[in-house]
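Student: I'm passing along input.tsv; it holds TSV, C-alpha atoms.
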```tsv
chain	number	residue	atom	x	y	z
A	1	LEU	CA	29.49	50.10	121.28
A	2	PRO	CA	26.03	49.22	119.89
A	3	LEU	CA	25.41	49.57	116.18
A	4	ASP	CA	22.85	52.34	116.71
A	5	ASN	CA	25.76	54.45	117.97
A	6	MET	CA	27.49	53.76	114.67
A	7	GLU	CA	24.42	54.88	112.71
A	8	ASP	CA	24.21	58.07	114.79
A	9	LEU	CA	27.91	58.66	114.16
A	10	ILE	CA	27.53	58.28	110.40
A	11	THR	CA	24.53	60.60	110.38
A	12	SER	CA	26.48	63.20	112.33
A	13	THR	CA	29.13	63.34	109.62
A	14	HIS	CA	26.77	65.15	107.24
A	15	GLY	CA	28.43	68.42	106.31
A	16	THR	CA	31.95	67.11	106.96
A	17	TRP	CA	32.92	67.02	103.30
A	18	ARG	CA	31.62	70.54	102.61
A	19	GLU	CA	33.61	71.72	105.64
A	20	ASN	CA	36.70	70.00	104.23
A	21	ARG	CA	36.26	71.75	100.90
A	22	ALA	CA	35.96	75.06	102.72
A	23	ARG	CA	39.21	74.36	104.55
A	24	LEU	CA	40.97	73.59	101.28
A	25	ARG	CA	39.49	76.67	99.62
A	26	LYS	CA	40.81	78.85	102.46
A	27	ALA	CA	44.28	77.28	102.20
A	28	LEU	CA	44.38	77.83	98.44
A	29	LEU	CA	43.40	81.47	98.78
A	30	GLU	CA	46.12	81.93	101.41
A	31	ALA	CA	48.58	80.31	98.98
A	32	GLY	CA	47.80	82.94	96.38
A	33	PHE	CA	45.31	81.15	94.14
A	34	ALA	CA	42.27	83.24	93.29
A	35	ASP	CA	39.79	83.89	90.51
A	36	GLY	CA	40.12	81.57	87.56
A	37	ALA	CA	41.48	78.57	89.50
A	38	PHE	CA	39.39	75.44	89.99
A	39	VAL	CA	40.16	72.20	91.83
A	40	LEU	CA	39.28	69.00	89.98
A	41	ALA	CA	39.59	65.77	91.98
A	42	ARG	CA	39.18	62.27	90.60
A	43	GLY	CA	37.77	59.22	92.33
A	44	ASN	CA	39.08	55.69	91.93
A	45	THR	CA	37.88	53.33	89.25
A	46	THR	CA	36.70	49.76	89.67
A	47	THR	CA	39.47	47.17	89.50
A	48	PHE	CA	39.20	43.47	88.82
A	49	ARG	CA	40.45	40.60	90.92
A	50	ASN	CA	40.22	38.12	88.09
A	51	SER	CA	38.08	37.67	84.97
A	52	ASP	CA	34.95	39.76	85.57
A	53	VAL	CA	35.13	39.55	89.39
A	54	GLU	CA	35.60	43.00	90.89
A	55	HIS	CA	37.62	43.91	93.95
A	56	VAL	CA	35.61	45.49	96.75
A	57	PHE	CA	35.61	49.16	95.79
A	58	ARG	CA	37.61	51.55	97.94
A	59	GLN	CA	37.51	55.26	97.13
A	60	ASN	CA	40.56	57.47	96.63
A	61	SER	CA	41.26	59.04	100.01
A	62	THR	CA	41.65	62.65	98.90
A	63	PHE	CA	38.55	62.45	96.74
A	64	PHE	CA	36.56	60.98	99.63
A	65	TRP	CA	37.90	63.67	101.99
A	66	LEU	CA	36.50	66.29	99.62
A	67	SER	CA	33.21	64.61	98.77
A	68	GLY	CA	32.26	61.61	100.91
A	69	VAL	CA	31.32	59.94	97.61
A	70	ASP	CA	31.83	56.19	97.25
A	71	ILE	CA	30.86	55.95	93.57
A	72	PRO	CA	33.54	54.73	91.13
A	73	ASP	CA	34.82	57.02	88.35
A	74	ALA	CA	33.39	60.19	89.89
A	75	TRP	CA	34.91	63.69	89.79
A	76	ILE	CA	34.31	66.78	91.88
A	77	LEU	CA	34.88	70.36	90.71
A	78	MET	CA	35.23	73.33	93.05
A	79	ASP	CA	36.11	76.89	92.19
A	80	ILE	CA	38.40	78.53	94.66
A	81	ASN	CA	36.49	81.78	95.09
A	82	GLY	CA	33.34	79.79	95.82
A	83	SER	CA	31.01	81.74	93.58
A	84	ARG	CA	30.15	78.80	91.34
A	85	GLY	CA	29.84	76.23	94.12
A	86	ASP	CA	30.90	72.61	93.98
A	87	THR	CA	29.81	70.17	91.27
A	88	LEU	CA	29.87	66.40	91.51
A	89	PHE	CA	30.16	64.43	88.27
A	90	ILE	CA	29.22	60.74	88.22
A	91	PRO	CA	28.97	58.17	85.42
A	92	GLU	CA	25.49	57.82	84.00
A	93	PRO	CA	24.26	54.37	85.05
A	94	GLU	CA	23.16	51.90	82.43
A	95	LYS	CA	19.49	50.95	82.46
A	96	SER	CA	20.41	47.41	83.49
A	97	SER	CA	22.31	48.72	86.52
A	98	GLY	CA	19.15	48.54	88.59
A	99	ILE	CA	19.05	44.80	87.93
A	100	TRP	CA	22.66	44.07	88.78
A	101	ASN	CA	23.65	46.73	91.31
A	102	GLY	CA	20.49	47.86	93.08
A	103	ARG	CA	17.81	50.52	92.88
A	104	LEU	CA	18.75	53.55	90.81
A	105	VAL	CA	19.04	56.82	92.71
A	106	SER	CA	18.13	60.17	91.14
A	107	LEU	CA	20.61	62.99	90.71
A	108	ASP	CA	18.58	65.13	93.13
A	109	GLN	CA	18.81	62.41	95.78
A	110	LEU	CA	22.57	62.13	95.30
A	111	LYS	CA	22.93	65.92	95.39
A	112	SER	CA	21.27	65.96	98.80
A	113	LYS	CA	23.13	62.90	100.10
A	114	TYR	CA	26.56	64.23	99.22
A	115	ASP	CA	25.83	67.87	100.05
A	116	VAL	CA	27.03	69.43	96.79
A	117	ASP	CA	25.73	72.52	95.02
A	118	SER	CA	25.13	70.76	91.72
A	119	ILE	CA	25.48	67.34	90.15
A	120	ASP	CA	25.83	66.14	86.58
A	121	PHE	CA	26.98	63.16	84.55
A	122	THR	CA	30.68	62.75	83.78
A	123	ALA	CA	29.96	62.84	80.05
A	124	ASN	CA	29.02	66.51	80.47
A	125	MET	CA	32.06	67.56	82.53
A	126	ILE	CA	34.24	68.80	79.67
A	127	SER	CA	31.32	70.83	78.33
A	128	VAL	CA	30.86	72.45	81.75
A	129	LEU	CA	34.57	73.27	81.93
A	130	ARG	CA	34.60	74.65	78.38
A	131	THR	CA	31.67	76.94	79.21
A	132	ALA	CA	33.61	78.28	82.20
A	133	VAL	CA	36.71	78.83	80.03
A	134	ASP	CA	34.70	80.66	77.38
A	135	ALA	CA	33.10	82.82	80.07
A	136	GLY	CA	36.54	83.79	81.39
A	137	THR	CA	35.92	82.29	84.85
A	138	LEU	CA	38.28	79.29	84.45
A	139	SER	CA	41.95	79.58	83.55
A	140	THR	CA	43.70	76.98	85.77
A	141	ILE	CA	42.67	73.46	86.77
A	142	LEU	CA	44.42	72.20	89.90
A	143	ILE	CA	44.75	68.41	89.95
A	144	GLU	CA	46.40	66.45	92.78
A	145	THR	CA	48.78	64.17	90.85
A	146	GLN	CA	50.30	63.74	87.43
A	147	ALA	CA	48.50	60.40	87.09
A	148	ASP	CA	45.15	62.15	87.65
A	149	ALA	CA	46.14	64.82	85.14
A	150	GLU	CA	46.89	62.12	82.57
A	151	LYS	CA	43.50	60.51	83.20
A	152	PHE	CA	41.86	63.90	82.69
A	153	SER	CA	43.71	64.44	79.43
A	154	GLU	CA	42.29	61.15	78.12
A	155	LEU	CA	38.73	62.45	78.33
A	156	ASP	CA	37.15	63.45	75.03
A	157	GLY	CA	37.62	67.18	74.52
A	158	ALA	CA	40.07	67.69	77.39
A	159	LYS	CA	42.99	68.49	75.09
A	160	GLY	CA	42.76	72.00	73.72
A	161	LEU	CA	40.36	73.03	76.46
A	162	GLY	CA	42.16	76.34	76.88
A	163	ALA	CA	42.91	76.05	80.61
A	164	GLU	CA	46.25	75.31	82.23
A	165	VAL	CA	46.41	71.97	84.06
A	166	ASP	CA	48.52	72.29	87.22
A	167	PHE	CA	49.42	69.04	89.01
A	168	GLU	CA	52.40	70.41	90.94
A	169	ASN	CA	50.79	72.54	93.67
A	170	LEU	CA	47.58	70.98	94.97
A	171	LEU	CA	49.11	68.00	96.79
A	172	SER	CA	51.38	70.14	98.97
A	173	ILE	CA	48.41	72.32	99.95
A	174	ILE	CA	45.84	69.61	100.55
A	175	GLN	CA	48.09	67.41	102.69
A	176	PRO	CA	48.35	69.87	105.62
A	177	CYS	CA	44.56	70.29	105.46
A	178	ARG	CA	44.06	66.55	105.78
A	179	ASP	CA	46.69	66.36	108.53
A	180	VAL	CA	44.44	68.35	110.88
A	181	LYS	CA	41.32	66.34	111.60
A	182	SER	CA	37.98	67.94	112.39
A	183	THR	CA	35.93	66.94	115.43
A	184	LYS	CA	33.72	64.78	113.20
A	185	GLU	CA	36.71	63.04	111.63
A	186	ILE	CA	38.21	62.32	115.04
A	187	ALA	CA	34.89	60.84	116.16
A	188	LEU	CA	35.07	58.39	113.26
A	189	GLN	CA	38.64	57.46	114.14
A	190	LYS	CA	37.72	56.98	117.79
A	191	TYR	CA	34.97	54.57	116.80
A	192	ALA	CA	37.33	52.66	114.50
A	193	ALA	CA	39.93	52.51	117.28
A	194	SER	CA	37.42	51.42	119.92
A	195	ILE	CA	36.00	48.55	117.87
A	196	SER	CA	39.47	47.52	116.66
A	197	SER	CA	40.70	47.49	120.26
A	198	GLN	CA	37.83	45.20	121.24
A	199	ALA	CA	38.68	42.97	118.27
A	200	HIS	CA	42.28	42.65	119.47
A	201	VAL	CA	41.05	41.56	122.89
A	202	GLU	CA	38.66	38.99	121.38
A	203	LEU	CA	41.53	37.64	119.28
A	204	MET	CA	43.73	37.31	122.37
A	205	LYS	CA	40.98	35.46	124.25
A	206	PHE	CA	40.61	33.04	121.34
A	207	CYS	CA	44.34	32.41	120.85
A	208	ARG	CA	45.95	29.21	122.06
A	209	PRO	CA	48.75	26.96	120.83
A	210	GLY	CA	47.58	24.92	117.85
A	211	VAL	CA	45.45	27.56	116.10
A	212	TYR	CA	46.45	28.96	112.75
A	213	GLU	CA	47.48	32.58	112.38
A	214	PHE	CA	44.71	33.03	109.80
A	215	GLN	CA	42.14	31.91	112.39
A	216	LEU	CA	43.28	34.78	114.60
A	217	GLU	CA	43.04	37.11	111.62
A	218	SER	CA	39.50	35.88	110.99
A	219	LYS	CA	38.52	36.44	114.63
A	220	PHE	CA	39.68	40.04	114.40
A	221	ALA	CA	37.88	40.74	111.13
A	222	HIS	CA	34.68	39.10	112.41
A	223	HIS	CA	34.42	41.35	115.45
A	224	CYS	CA	35.12	44.42	113.33
A	225	SER	CA	32.53	43.51	110.73
A	226	MET	CA	29.89	42.67	113.32
A	227	ASN	CA	30.29	46.19	114.68
A	228	GLY	CA	30.22	48.12	111.42
A	229	LEU	CA	33.90	48.11	110.40
A	230	ARG	CA	33.28	46.08	107.27
A	231	GLN	CA	36.68	46.74	105.71
A	232	GLN	CA	40.17	46.58	107.14
A	233	GLY	CA	42.36	49.66	106.81
A	234	TYR	CA	45.24	47.48	105.58
A	235	PRO	CA	46.01	43.74	105.32
A	236	SER	CA	46.26	42.32	108.83
A	237	ILE	CA	49.65	41.12	110.02
A	238	VAL	CA	49.36	38.11	112.34
A	239	GLY	CA	52.79	36.64	112.99
A	240	SER	CA	53.82	34.07	115.59
A	241	GLY	CA	57.28	32.94	116.56
A	242	TYR	CA	59.85	34.12	114.02
A	243	ASN	CA	57.07	35.64	111.90
A	244	SER	CA	56.39	38.15	114.65
A	245	ALA	CA	59.68	39.87	113.79
A	246	VAL	CA	58.89	40.20	110.07
A	247	LEU	CA	57.58	43.73	109.60
A	248	HIS	CA	55.17	43.16	106.72
A	249	TYR	CA	54.52	39.46	107.14
A	250	SER	CA	51.31	38.68	105.26
A	251	LYS	CA	50.91	34.93	104.80
A	252	ASN	CA	49.32	34.43	108.25
A	253	SER	CA	49.55	30.67	107.64
A	254	LYS	CA	51.68	29.21	110.46
A	255	ILE	CA	50.34	27.10	113.32
A	256	VAL	CA	50.88	28.99	116.58
A	257	ALA	CA	53.21	27.06	118.87
A	258	ASP	CA	53.41	26.90	122.65
A	259	GLY	CA	55.91	29.52	123.84
A	260	ASP	CA	55.45	31.73	120.78
A	261	LEU	CA	54.87	35.42	120.98
A	262	VAL	CA	52.12	36.57	118.64
A	263	LEU	CA	52.26	40.00	117.01
A	264	VAL	CA	49.04	41.39	115.54
A	265	ASP	CA	49.06	44.60	113.52
A	266	ALA	CA	45.47	45.24	112.44
A	267	GLY	CA	42.83	47.96	112.29
A	268	GLY	CA	39.33	48.24	110.89
A	269	GLU	CA	37.91	51.28	109.11
A	270	ILE	CA	34.62	53.17	108.99
A	271	LEU	CA	33.82	55.63	106.21
A	272	ASN	CA	37.43	55.08	105.09
A	273	TYR	CA	38.87	56.26	108.43
A	274	THR	CA	41.07	53.55	109.89
A	275	ALA	CA	42.57	52.42	113.15
A	276	ASP	CA	46.13	51.10	113.42
A	277	ILE	CA	46.89	48.97	116.47
A	278	THR	CA	49.83	46.62	117.05
A	279	ARG	CA	49.97	44.34	120.07
A	280	THR	CA	52.23	41.43	121.09
A	281	PHE	CA	51.19	38.73	123.55
A	282	PRO	CA	52.14	35.17	124.57
A	283	ALA	CA	50.28	32.44	122.68
A	284	ASN	CA	49.80	30.35	125.83
A	285	GLY	CA	48.67	33.29	127.94
A	286	LYS	CA	51.84	33.66	130.00
A	287	PHE	CA	55.11	35.49	129.25
A	288	ASN	CA	58.33	33.72	130.12
A	289	GLU	CA	60.87	35.76	132.07
A	290	LYS	CA	62.76	37.11	129.03
A	291	GLN	CA	59.59	37.91	127.12
A	292	ARG	CA	58.13	39.80	130.08
A	293	LEU	CA	61.33	41.78	130.58
A	294	ILE	CA	61.53	42.91	126.95
A	295	TYR	CA	57.80	43.59	126.74
A	296	GLY	CA	58.05	45.77	129.83
A	297	LYS	CA	60.93	47.75	128.34
A	298	VAL	CA	58.99	48.46	125.13
A	299	LEU	CA	55.83	49.38	127.03
A	300	ALA	CA	57.74	51.85	129.21
A	301	ILE	CA	59.31	53.41	126.11
A	302	GLN	CA	55.93	53.77	124.44
A	303	LYS	CA	54.38	55.42	127.48
A	304	GLU	CA	57.22	57.93	127.75
A	305	LEU	CA	57.02	58.81	124.06
A	306	ILE	CA	53.23	59.18	124.13
A	307	GLY	CA	53.75	61.58	127.01
A	308	MET	CA	55.76	63.80	124.67
A	309	ILE	CA	52.83	64.25	122.27
A	310	LYS	CA	51.41	67.74	122.65
A	311	PRO	CA	50.77	70.84	120.51
A	312	GLY	CA	54.06	72.38	119.46
A	313	ALA	CA	56.10	69.21	119.88
A	314	LEU	CA	58.42	68.22	117.04
A	315	PHE	CA	58.03	64.63	115.90
A	316	SER	CA	61.73	64.62	115.08
A	317	ASP	CA	62.47	65.21	118.79
A	318	ILE	CA	60.25	62.28	119.72
A	319	ILE	CA	62.02	60.09	117.17
A	320	SER	CA	65.40	61.14	118.59
A	321	ARG	CA	64.25	60.29	122.10
A	322	SER	CA	63.04	56.89	120.91
A	323	GLY	CA	66.51	56.11	119.53
A	324	HIS	CA	68.06	56.96	122.89
A	325	LEU	CA	65.54	54.81	124.78
A	326	ILE	CA	65.91	51.81	122.45
A	327	CYS	CA	69.71	51.89	122.77
A	328	MET	CA	69.44	52.27	126.54
A	329	ALA	CA	67.11	49.28	126.75
A	330	ALA	CA	69.43	47.22	124.55
A	331	LEU	CA	72.31	48.08	126.86
A	332	GLU	CA	70.30	47.15	129.98
A	333	LEU	CA	69.26	43.86	128.36
A	334	GLY	CA	72.88	43.03	127.56
A	335	LEU	CA	72.28	43.10	123.82
A	336	VAL	CA	74.99	45.70	123.08
A	337	LYS	CA	78.42	46.37	124.51
A	338	GLY	CA	79.35	49.63	126.18
A	339	THR	CA	78.25	51.92	128.96
A	340	ILE	CA	75.64	54.61	129.38
A	341	ASP	CA	78.23	57.12	128.13
A	342	ASP	CA	78.22	55.31	124.77
A	343	ILE	CA	74.50	55.84	124.18
A	344	PRO	CA	74.87	59.08	122.14
A	345	ALA	CA	77.40	57.40	119.83
A	346	MET	CA	75.08	54.40	119.44
A	347	VAL	CA	72.21	56.66	118.45
A	348	THR	CA	74.42	58.52	115.96
A	349	ALA	CA	75.46	55.16	114.47
A	350	ARG	CA	71.75	54.18	114.30
A	351	VAL	CA	72.24	51.06	116.41
A	352	GLN	CA	68.57	51.33	117.42
A	353	TYR	CA	67.57	50.26	113.91
A	354	ALA	CA	69.08	46.83	114.52
A	355	PHE	CA	66.26	46.28	117.01
A	356	MET	CA	63.55	48.56	115.60
A	357	PRO	CA	64.08	48.60	111.81
A	358	HIS	CA	61.13	50.86	111.05
A	359	GLY	CA	59.86	54.36	111.70
A	360	LEU	CA	58.50	55.30	115.10
A	361	GLY	CA	55.06	56.38	113.92
A	362	HIS	CA	53.05	58.28	111.36
A	363	PHE	CA	49.94	60.28	110.67
A	364	LEU	CA	46.74	58.23	110.76
A	365	GLY	CA	43.47	58.99	108.98
A	366	GLN	CA	41.87	57.71	105.81
A	367	ASP	CA	45.19	56.10	104.93
A	368	VAL	CA	47.03	54.06	107.52
A	369	HIS	CA	50.15	56.05	106.53
A	370	ASP	CA	48.16	59.21	106.08
A	371	THR	CA	48.95	62.17	103.82
A	372	SER	CA	52.55	63.30	104.32
A	373	ILE	CA	53.12	60.24	106.58
A	374	TYR	CA	55.65	61.79	108.98
A	375	PRO	CA	54.95	65.10	110.74
A	376	LYS	CA	57.57	67.59	109.58
A	377	VAL	CA	56.17	70.65	111.36
A	378	PRO	CA	55.21	71.15	115.02
A	379	LEU	CA	52.23	69.04	116.06
A	380	GLU	CA	48.93	70.87	116.44
A	381	PRO	CA	45.45	70.06	117.74
A	382	GLY	CA	43.67	67.76	115.31
A	383	ASN	CA	46.77	65.77	114.35
A	384	VAL	CA	46.37	62.02	114.84
A	385	VAL	CA	49.66	60.13	115.06
A	386	THR	CA	50.78	56.65	116.04
A	387	ILE	CA	53.63	55.84	118.44
A	388	GLU	CA	54.95	52.33	117.73
A	389	PRO	CA	58.28	51.43	119.34
A	390	GLY	CA	59.28	47.80	119.25
A	391	PHE	CA	62.06	45.29	119.79
A	392	TYR	CA	62.47	42.88	116.88
A	393	PHE	CA	64.80	39.90	116.80
A	394	ASN	CA	65.21	39.57	113.06
A	395	GLU	CA	68.19	37.78	111.52
A	396	SER	CA	68.36	40.07	108.49
A	397	ALA	CA	68.32	43.22	110.61
A	398	PHE	CA	71.09	41.87	112.84
A	399	GLN	CA	73.14	40.76	109.84
A	400	MET	CA	72.91	44.23	108.31
A	401	ALA	CA	73.98	45.75	111.61
A	402	MET	CA	76.94	43.40	112.00
A	403	GLU	CA	78.17	44.28	108.51
A	404	ASN	CA	78.44	47.92	109.58
A	405	GLU	CA	81.40	48.46	111.91
A	406	ASP	CA	79.77	51.50	113.51
A	407	ARG	CA	76.52	49.69	114.27
A	408	ARG	CA	77.64	46.28	115.48
A	409	PRO	CA	75.60	45.64	118.66
```
Just give me the structure of the file as structure tokens.

Tutor:
Amino acid sequence: LPLDNMEDLITSTHGTWRENRARLRKALLEAGFADGAFVLARGNTTTFRNSDVEHVFRQNSTFFWLSGVDIPDAWILMDINGSRGDTLFIPEPEKSSGIWNGRLVSLDQLKSKYDVDSIDFTANMISVLRTAVDAGTLSTILIETQADAEKFSELDGAKGLGAEVDFENLLSIIQPCRDVKSTKEIALQKYAASISSQAHVELMKFCRPGVYEFQLESKFAHHCSMNGLRQQGYPSIVGSGYNSAVLHYSKNSKIVADGDLVLVDAGGEILNYTADITRTFPANGKFNEKQRLIYGKVLAIQKELIGMIKPGALFSDIISRSGHLICMAALELGLVKGTIDDIPAMVTARVQYAFMPHGLGHFLGQDVHDTSIYPKVPLEPGNVVTIEPGFYFNESAFQMAMENEDRRP
């Protein structure tokens, strides 16, 4: 996909964040919150790698979902009945900021860019809230987490404000809103997935015995960055040989050997929306007989499970089916003792986790393990989920299974 498509895609997202706030406002009203309740969301702060060297800034996902704002230490305020509109609060930049960080942008420009009703400096936020309290329009401040509530309480004037701070209800209401992606959000995820898929293919073409795992990682990141995915959604996992069976392997430092299988779990992100793709392939370009057989089993399982994804489906049913299929494949491969009649007992004993010691899949969005992570209610249009069966030959997983009489393969 050419980069002009990416620019058009980013432009088309204008209005997304206002639409998201409207969805949250509707959900809060349906949950019984009304006049006097405001949502206050906090953005991330800058963190340091070492000394005065900053990490690349990455915005808090919920805050970005509400605002689209990538400025550190920002807040957004929205009243639930909508009469006051939505206010973005940002730190007032120092005069020298234009020297170090780039041209200063006016509040009016930022107001238009981020599509908010009003904008002000963070130093004035408590005063704005106090005015609303005194006017009788603000009685409850809904904050997503206790940590955010504690940060709010540290602001000058926050204590004794006269409004209740509620950090127990917002998270459970906002998560289902984020679980259902809008058309614009899905377009971003499709772009991230398309470019990430191309990057996987380029990595495979480059791979050969004798390269380092980190060279494969670099090949993936290069293709993503060249096509607008300048950040990765999570640290890439590039494991060869035994490392391919280590779930969160992160060193990516081994030399790839002839005969190795290479597992790559990597996905780039655009506007904080990430892809999540895992693929396994032979380092020398050709599966041996055993590798091909096992790969084929896993691929068939994945295709069947993906076929179960539809509105109304329960993810728990798909997980249950995956356990059955993994145990059946293990039996057919001669990795467990028994007959087909023993499969239900194997599943009950969780034998499948000896070979797939992780969850089947999860929600995907701004976080690789998005929002509530595992769907607990029937799937609906707009949900984006991953389906990731696998067969791992990991000594620790087998040892744990052998120590359990009910699970011994």

Student: Could you check the closest approach to Arg350 of chain A for each of A:Gly268, A:Gly323, A:Gly312, A:Gly43 and tell me which residue wins, using only C-alpha atoms?

Tutor: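 Of all the options, A:Gly323 lies closest to Arg350 of chain A.
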
Student: Skipping near chain neighbours, those fewer than 2 positions away, what residues fall within 9 Å of Tyr242 of chain A using all atoms listed in the file, listed as a list in words?

Tutor: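 These residues fall inside the cut-off: Gly239, Ser240, Ser244, Ala245, Val246, Asp260, Leu261, Phe393 and Asn394 of chain A.
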
Student: Would you list the contacts of Leu9 of chain A as a PyMOL selection string, taking every protein, DNA or RNA residue within 12 Å and counting all atoms listed in the file, but skipping same-chain residues closer than 5 positions in sequence?

Tutor: chain A and resi 1-4+14+16+183-192+228+270-271

Student: Separation of atom CA of Ala349 of chain A and atom CA of Thr278 of chain A, in Å?

Tutor: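 We find that atom CA of Ala349 of chain A and atom CA of Thr278 of chain A lie 27.1 Å from each other.
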
Student: Give as JSON, numbers by chain each residue that has an atom at most 12 Å from (27.4, 75.0, 94.8) in the file, counting all atoms listed in the file.

Tutor: {"A": [18, 21, 22, 76, 77, 78, 79, 80, 81, 82, 83, 84, 85, 86, 87, 88, 111, 112, 114, 115, 116, 117, 118, 119]}

Student: Neighbouring residues of Leu24 of chain A were defined as those with any atom within 10 Å, considering all atoms listed in the file; residues of the same chain fewer than 6 positions away were excluded. Please report them as a PyMOL selection string.

Tutor: chain A and resi 18+30+39+66+80+170+173-178

Student: Figure out the distance between atom CA of His362 of chain A and atom CA of Ser196 of chain A, please, to one decimal in Å.

Tutor: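 Atom-to-atom, atom CA of Ser196 of chain A and atom CA of His362 of chain A are spaced 18.1 Å apart.
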
Student: Nearest residue to Tyr353 of chain A out of A:Ser253, A:Leu331, A:Ala397, A:Ile373, using only C-alpha atoms?

Tutor: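 Closest to Tyr353 of chain A of all the choices is A:Ala397.
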
Student: Quick one: residues within 9 Å of Leu142 of chain A, all atoms listed in the file counted, chain neighbours fewer than 6 positions away excluded, as number ranges by chain?

Tutor: A: 37-41, 149, 164-170

Student: Using all atoms listed in the file, pick whichever of A:Met226, A:Ile301, A:Ile141, A:Ala123 has the shortest atom-to-atom distance to Met6 of chain A.

Tutor: A:Met226

Student: May I ask for the distance between atom CA of Glu94 of chain A and atom CA of Arg58 of chain A, given in Å to one decimal place?

Tutor: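 A separation of 21.2 Å between them.
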
Student: Show which residues sit within 12 Å of Gln291 of chain A, as number ranges by chain. Count all atoms listed in the file, and ignore same-chain residues fewer than 3 positions away.

Tutor: A: 241, 259-262, 280-283, 285-288, 294-298, 333, 391-393

Student: Please determine an axis-aligned box that encloses all atoms of segment 290-304 of chain A listed in the file, with 6 Å added on each side, and express its centre and edge lengths in Å to one decimal as JSON.

Tutor:
```
{"center_x": 58.6, "center_y": 47.5, "center_z": 127.5, "size_x": 20.4, "size_y": 32.8, "size_z": 18.1}
```

Student: With distances taken over all atoms listed in the file, which residue among A:Ala300, A:Leu104, A:Leu305, A:Val238 lies nearest Lys251 of chain A?

Tutor: A:Val238

Student: In terms of the shortest atom-to-atom distance over all atoms listed in the file, which of A:Ser218, A:Thr339, A:Asn252, A:Ser194 is closest to Thr274 of chain A?

Tutor: A:Ser194

Student: Between A:Ala354, A:Ala199, A:Val56, A:Ala147, which one has atoms that come closest to Ser396 of chain A, using all atoms listed in the file?

Tutor: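 Of A:Ala354, A:Ala199, A:Val56, A:Ala147, the one nearest Ser396 of chain A, counting all atoms listed in the file, is A:Ala354.
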
Student: Please return as a list in words every residue within 10 Å of (50.7, 60.2, 108.1), taking into account all atoms listed in the file and the file's own coordinates.

Tutor: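 Residues close enough to count: Gln175, Arg178, Asp179, Gly361, His362, Phe363, Leu364, Gly365, Gln366, Asp367, Val368, His369, Asp370, Thr371, Ser372, Ile373, Tyr374, Pro375, Asn383, Val384, Val385 and Thr386 of chain A.
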